[in-house]
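See structure below.
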Protein chains: 2
Amino acid sequence: MAINLKVPGENEIFPINGIEIGIAEAGIKKINKKDLTIFKISENTTVSGSFTRNLFKAAPVQVSEENLNLSLPRIRALVINTGNANAGTGKTGIEAARNTCEALGKLLNINPEQILPFSTGVIMEPLPIEKLIKALPNAIRNLGNSSWQDAAYSIMTTDTTPKIFSEKFIIGNKNVTVTGISKGAGMICPNMATMLAFIGTDIKIEQSLLNRMIKEITDSSFNRITVDGDTSTNDSFVIMATGTSDLAITSENDKHYQEVLLALKKASLDLSQKIIRDAEGATKFITIDIVQANNTEEALKVAYSIAHSPLVKTAFYASDPNIGRILAAIGYSKAKIKIEDLYIWLNEVLIVKNGAINPDYKEEDGKNVLQQTEIRIKVFIGTGNINETIYTCDLSHEYVTINAEYRS
Amino acid sequence: MAINLKVPGENEIFPINGIEIGIAEAGIKKINKKDLTIFKISENTTVSGSFTRNLFKAAPVQVSEENLNLSLPRIRALVINTGNANAGTGKTGIEAARNTCEALGKLLNINPEQILPFSTGVIMEPLPIEKLIKALPNAIRNLGNSSWQDAAYSIMTTDTTPKIFSEKFIIGNKNVTVTGISKGAGMICPNMATMLAFIGTDIKIEQSLLNRMIKEITDSSFNRITVDGDTSTNDSFVIMATGTSDLAITSENDKHYQEVLLALKKASLDLSQKIIRDAEGATKFITIDIVQANNTEEALKVAYSIAHSPLVKTAFYASDPNIGRILAAIGYSKAKIKIEDLYIWLNEVLIVKNGAINPDYKEEDGKNVLQQTEIRIKVFIGTGNINETIYTCDLSHEYVTINAEYRS
């Protein structure tokens, strides 16, 4: 079902020295499935997080942000459950998230504040905390025996396939590894979504640098994907840098800073795109390039207006090069553009020239592009020098089916 | 298919003295169907219009706005075709719209500038101007023999049913009539949509007053409906006040000004709601009330964030009282709200109290509401004293089917 989504083979997924993974079945999901994941991380690991901007932050997001903001002691574990998002659950939800940390802390002999909790699944229903706590020992017993691949499966909700990135880099003559997993499906949107992503690396990175990096990384990856415009209450993205390799980055002026940033960006972009490739009901992967806009805000207005238009999305689903719908979406984006300067391409096909349909355009050419599963819409605005790229998908029957039946 | 949409019987539709209607078959639509409508209006009629705010205004919209802005001579005719929107057609499109007015002007012995052209249908394809012009004499021969009902049918595109309002009012002891028609279906959105609406009345209203009225009327009706968030390039709404009754409104201080405004608002609200009731694939009519917001902008942010959420819309389609999706949509609306002050009702059922799920809420009660075809979401914000109401519908399989196949 997923669009050109490659799952790496077991021998292509490299563990991160300093991170142990344990999974278990807590019985929170209806079906028989692993739904509990623990990351146990070594003492000197630097951990940074990026979270949903939805006003209604789920309980685990609130607790994770709180715990991350305590500068010391450092984070030593992550606990993730699927099947229930512990969102919209008020004070009881916060207590449930804290109790989870409390229980895990006792078992691992660390403070509850050294743990970040994450939940994903059904919202507005109480987290079955007893089930979760009861399963913790099983997950712990598993620590070190479970792989990133196991974890990738264990955090899935309506995802059809696990999402894994793993690569070894040589930076400054040092061997380093970056491995990560993500889950998504519906409700993926700018400023993150029902989306969880966890990246580990053995590079050593100072806390303040990693905090700065994660912002830039999120803005070029997880904050540039959208399925349906909805932002969930639970979106979380965490980077864990264990420092177990020989490479250490201590300042922004470090000559390898940019290489490290690029490696982490590569992982994040891959994991975020995989979320779109496996979005609910998606049949086409659509890249929207905005070229030479006046500023980022204007560029994103145009990009998201196209990406969120149900009329554009259904036309793409039908392989219908309905240029008018794209133009209309740009027209109501409220971005300041000069119509006569506007150029639009579908892959290599120039469809709009000087704000009107390209006289040399043949509908057949547009149709050929739209029949592919990878489509790039390039919009040249020409009012400045800012380029932005976002990723989205089409809107299919399957999307409606999945989202009309998710709880029933 | 349409949701509780009542089409008035022939004897309930009252003509407007001073307006003659003629329809014809120009062959612009693929199927055998009337697709050309002419309104011929008497000499002293006051005409005001309200048009799309999409940056890409279709050619007929540009020409109509231009002609309306010429203060004299007054507008004497409207010409409307379906099957082709003459949108995204550049200079050729403008010429086509002007040529239509030219041809009709000759036949009616009026200036082309006294005519407003309207087009709706497929975009980005050249208007078959010869077919249109060839059919004009037929439509003119028909003038006076066609009814508002005929016109309501003739302006339909993917609408499943004609949309007609007609009512006699007694204002200041004078008998007056308001009759109107509209068409919609997809792409209905704030700031209007692929939506045409024409209202006639025999009340006499000064030009400057009608201009002021139409703004207020549009903002409480056609600018408060949304199907999919897309705003079309062709949206147009016109009021024609022939002044053939005994009632004349010459100043805002006129003691009947408010009554007249209310009568026109009633017509507009009815015609705009009918567009939603017949929206593509809609199975539920949803009213969203925002109560005690700080200002209109904040209220509409919340309202449209709910109305445009595909997750909310698919849940409503499935009769699933997924409260979390509503809260999430409010949460990413960017409106400034205090979570703890938030109350939400589904019809009479209180689902959210102080920003969290109402402890007394039973899912069964929510489900009962959502199984109805008329649903009201009331969101109490409590930061000010502004109330706003918008109208929308659910998102169904049928919507995807229609919009994925519209051109093929």
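Letters A, B, ... mark the chains of the structure tokens in the order given; residue numbers begin at 1 per chain; ligand numbers begin at 1, in order shown.
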_Set the cut-off to 6 Å and count only C-alpha atoms: what are the residues of chain A that reach chain B? Output as a VMD selection string._
chain A and resid 54 to 56 90 123 to 124 314 to 315 318 324 331 to 332 397 403 to 404
_Members of range 252-356 of chain B assigned strand (DSSP E or B) by DSSP, as an MDAnalysis selection string_ = chainID B and resid 285:293 343:346 349:353 356
Write the residues of the selection above to a file with N, CA and C atoms, as a CSV table (one decimal), in the first residue's frame.
```csv
chain,number,residue,atom,x,y,z
B,285,PHE,N,-25.8,18.0,7.5
B,285,PHE,CA,-25.7,19.5,7.5
B,285,PHE,C,-25.3,19.9,8.8
B,286,ILE,N,-24.1,20.6,8.9
B,286,ILE,CA,-23.5,20.9,10.2
B,286,ILE,C,-23.4,22.4,10.4
B,287,THR,N,-24.0,22.9,11.5
B,287,THR,CA,-24.0,24.3,11.9
B,287,THR,C,-22.9,24.4,13.0
B,288,ILE,N,-22.0,25.3,12.8
B,288,ILE,CA,-21.0,25.6,13.9
B,288,ILE,C,-21.2,26.9,14.5
B,289,ASP,N,-21.6,26.9,15.8
B,289,ASP,CA,-21.8,28.2,16.5
B,289,ASP,C,-20.6,28.5,17.4
B,290,ILE,N,-20.0,29.6,17.2
B,290,ILE,CA,-19.0,30.0,18.1
B,290,ILE,C,-19.6,31.1,19.0
B,291,VAL,N,-19.5,30.9,20.3
B,291,VAL,CA,-20.2,31.8,21.3
B,291,VAL,C,-19.2,32.5,22.1
B,292,GLN,N,-19.4,33.8,22.3
B,292,GLN,CA,-18.6,34.7,23.1
B,292,GLN,C,-17.1,34.6,22.8
B,293,ALA,N,-16.8,34.8,21.6
B,293,ALA,CA,-15.4,35.0,21.2
B,293,ALA,C,-14.9,36.4,21.4
B,343,TYR,N,-16.4,25.2,26.5
B,343,TYR,CA,-17.5,24.3,26.6
B,343,TYR,C,-17.9,23.9,25.2
B,344,ILE,N,-18.3,22.7,24.9
B,344,ILE,CA,-18.8,22.3,23.6
B,344,ILE,C,-20.0,21.4,23.7
B,345,TRP,N,-21.0,21.8,22.9
B,345,TRP,CA,-22.2,21.0,22.8
B,345,TRP,C,-22.4,20.4,21.4
B,346,LEU,N,-22.9,19.1,21.3
B,346,LEU,CA,-23.4,18.6,20.1
B,346,LEU,C,-24.9,18.6,20.2
B,349,VAL,N,-26.3,18.1,23.7
B,349,VAL,CA,-25.5,17.3,24.6
B,349,VAL,C,-24.2,18.0,24.9
B,350,LEU,N,-23.9,18.2,26.1
B,350,LEU,CA,-22.7,18.8,26.6
B,350,LEU,C,-21.5,17.8,26.5
B,351,ILE,N,-20.6,18.0,25.6
B,351,ILE,CA,-19.5,17.0,25.5
B,351,ILE,C,-18.2,17.4,26.1
B,352,VAL,N,-18.0,18.7,26.1
B,352,VAL,CA,-16.7,19.2,26.7
B,352,VAL,C,-17.1,20.3,27.7
B,353,LYS,N,-16.5,20.1,28.9
B,353,LYS,CA,-16.8,21.1,30.0
B,353,LYS,C,-15.4,21.5,30.6
B,356,ALA,N,-12.2,19.9,29.1
B,356,ALA,CA,-12.0,18.4,29.1
B,356,ALA,C,-13.3,17.7,28.9
```
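The two atoms in question, CA of Lys215 in chain B and CA of Ile249 in chain B, are spaced 16.8 Å apart.
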Within 10 Å of range 101-114 of chain A, counting only C-alpha atoms, which residues show up once you throw out same-chain ones fewer than 4 positions away? Write them as a CSV table (one decimal) with N, CA and C atoms, in the first residue's frame, please.
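Done, and the output landed in part12.csv:
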```
chain,number,residue,atom,x,y,z
A,38,ILE,N,10.3,0.4,25.2
A,38,ILE,CA,11.2,1.1,26.1
A,38,ILE,C,12.6,1.3,25.4
A,40,LYS,N,16.2,2.4,26.7
A,40,LYS,CA,17.0,2.7,27.8
A,40,LYS,C,18.3,3.3,27.3
A,60,PRO,N,1.2,13.0,27.9
A,60,PRO,CA,2.6,12.6,27.8
A,60,PRO,C,3.5,13.7,27.2
A,63,VAL,N,4.2,16.1,30.0
A,63,VAL,CA,5.2,15.5,31.0
A,63,VAL,C,6.6,15.4,30.4
A,64,SER,N,6.6,15.0,29.1
A,64,SER,CA,7.9,14.9,28.4
A,64,SER,C,8.6,16.3,28.3
A,66,GLU,N,8.1,18.9,30.3
A,66,GLU,CA,8.5,19.2,31.6
A,66,GLU,C,9.8,18.5,32.0
A,67,ASN,N,9.9,17.2,31.8
A,67,ASN,CA,11.1,16.5,32.2
A,67,ASN,C,12.3,16.9,31.4
A,68,LEU,N,12.1,17.2,30.1
A,68,LEU,CA,13.2,17.7,29.3
A,68,LEU,C,13.7,19.0,29.8
A,69,ASN,N,12.8,19.8,30.3
A,69,ASN,CA,13.3,21.2,30.7
A,69,ASN,C,14.0,21.2,32.0
A,70,LEU,N,13.9,20.1,32.7
A,70,LEU,CA,14.8,20.0,33.9
A,70,LEU,C,16.2,19.7,33.4
A,72,LEU,N,18.9,18.8,34.8
A,72,LEU,CA,19.6,17.7,35.3
A,72,LEU,C,18.7,16.9,36.3
A,73,PRO,N,18.8,15.7,36.5
A,73,PRO,CA,19.7,14.7,35.9
A,73,PRO,C,19.2,14.4,34.4
A,74,ARG,N,20.1,13.9,33.6
A,74,ARG,CA,19.8,13.7,32.2
A,74,ARG,C,18.8,12.6,32.0
A,75,ILE,N,18.1,12.7,30.9
A,75,ILE,CA,17.1,11.7,30.5
A,75,ILE,C,17.8,10.3,30.3
A,76,ARG,N,17.2,9.2,30.9
A,76,ARG,CA,17.8,7.9,30.8
A,76,ARG,C,16.9,6.9,30.1
A,77,ALA,N,15.6,7.2,29.9
A,77,ALA,CA,14.7,6.3,29.3
A,77,ALA,C,13.5,6.9,28.6
A,78,LEU,N,13.0,6.3,27.6
A,78,LEU,CA,11.8,6.7,26.9
A,78,LEU,C,10.8,5.5,27.0
A,79,VAL,N,9.5,5.8,27.2
A,79,VAL,CA,8.5,4.7,27.3
A,79,VAL,C,7.4,5.1,26.3
A,95,GLU,N,-1.6,12.4,35.5
A,95,GLU,CA,-1.2,11.5,36.6
A,95,GLU,C,-0.8,10.1,36.0
A,96,ALA,N,-1.6,9.7,35.0
A,96,ALA,CA,-1.3,8.4,34.3
A,96,ALA,C,0.1,8.4,33.7
A,97,ALA,N,0.4,9.5,33.0
A,97,ALA,CA,1.8,9.7,32.4
A,97,ALA,C,2.8,9.7,33.5
A,132,LEU,N,-0.5,-1.2,31.3
A,132,LEU,CA,0.8,-0.6,30.9
A,132,LEU,C,1.9,-1.0,31.9
A,133,ILE,N,1.6,-0.7,33.2
A,133,ILE,CA,2.6,-0.9,34.3
A,133,ILE,C,2.9,-2.4,34.4
A,134,LYS,N,1.8,-3.2,34.3
A,134,LYS,CA,2.0,-4.6,34.4
A,134,LYS,C,3.0,-5.2,33.4
A,136,LEU,N,5.5,-3.5,32.0
A,136,LEU,CA,6.8,-2.9,32.0
A,136,LEU,C,8.0,-4.0,32.3
A,137,PRO,N,7.8,-4.9,33.3
A,137,PRO,CA,8.9,-5.8,33.5
A,137,PRO,C,9.2,-6.7,32.3
A,140,ILE,N,11.3,-4.7,30.0
A,140,ILE,CA,12.7,-4.5,30.6
A,140,ILE,C,13.5,-5.8,30.4
```
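From CA of Phe222 in chain B back to CA of Glu280 in chain B, the distance works out to 16.8 Å.
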*List every residue of range 290-404 of chain A that DSSP, applied to the backbone of this structure, assigns to helix (DSSP H, G or I), and report them as a ChimeraX atom specification.*
/A:296-308,310-317,323-331,339-341,363-370,397-404
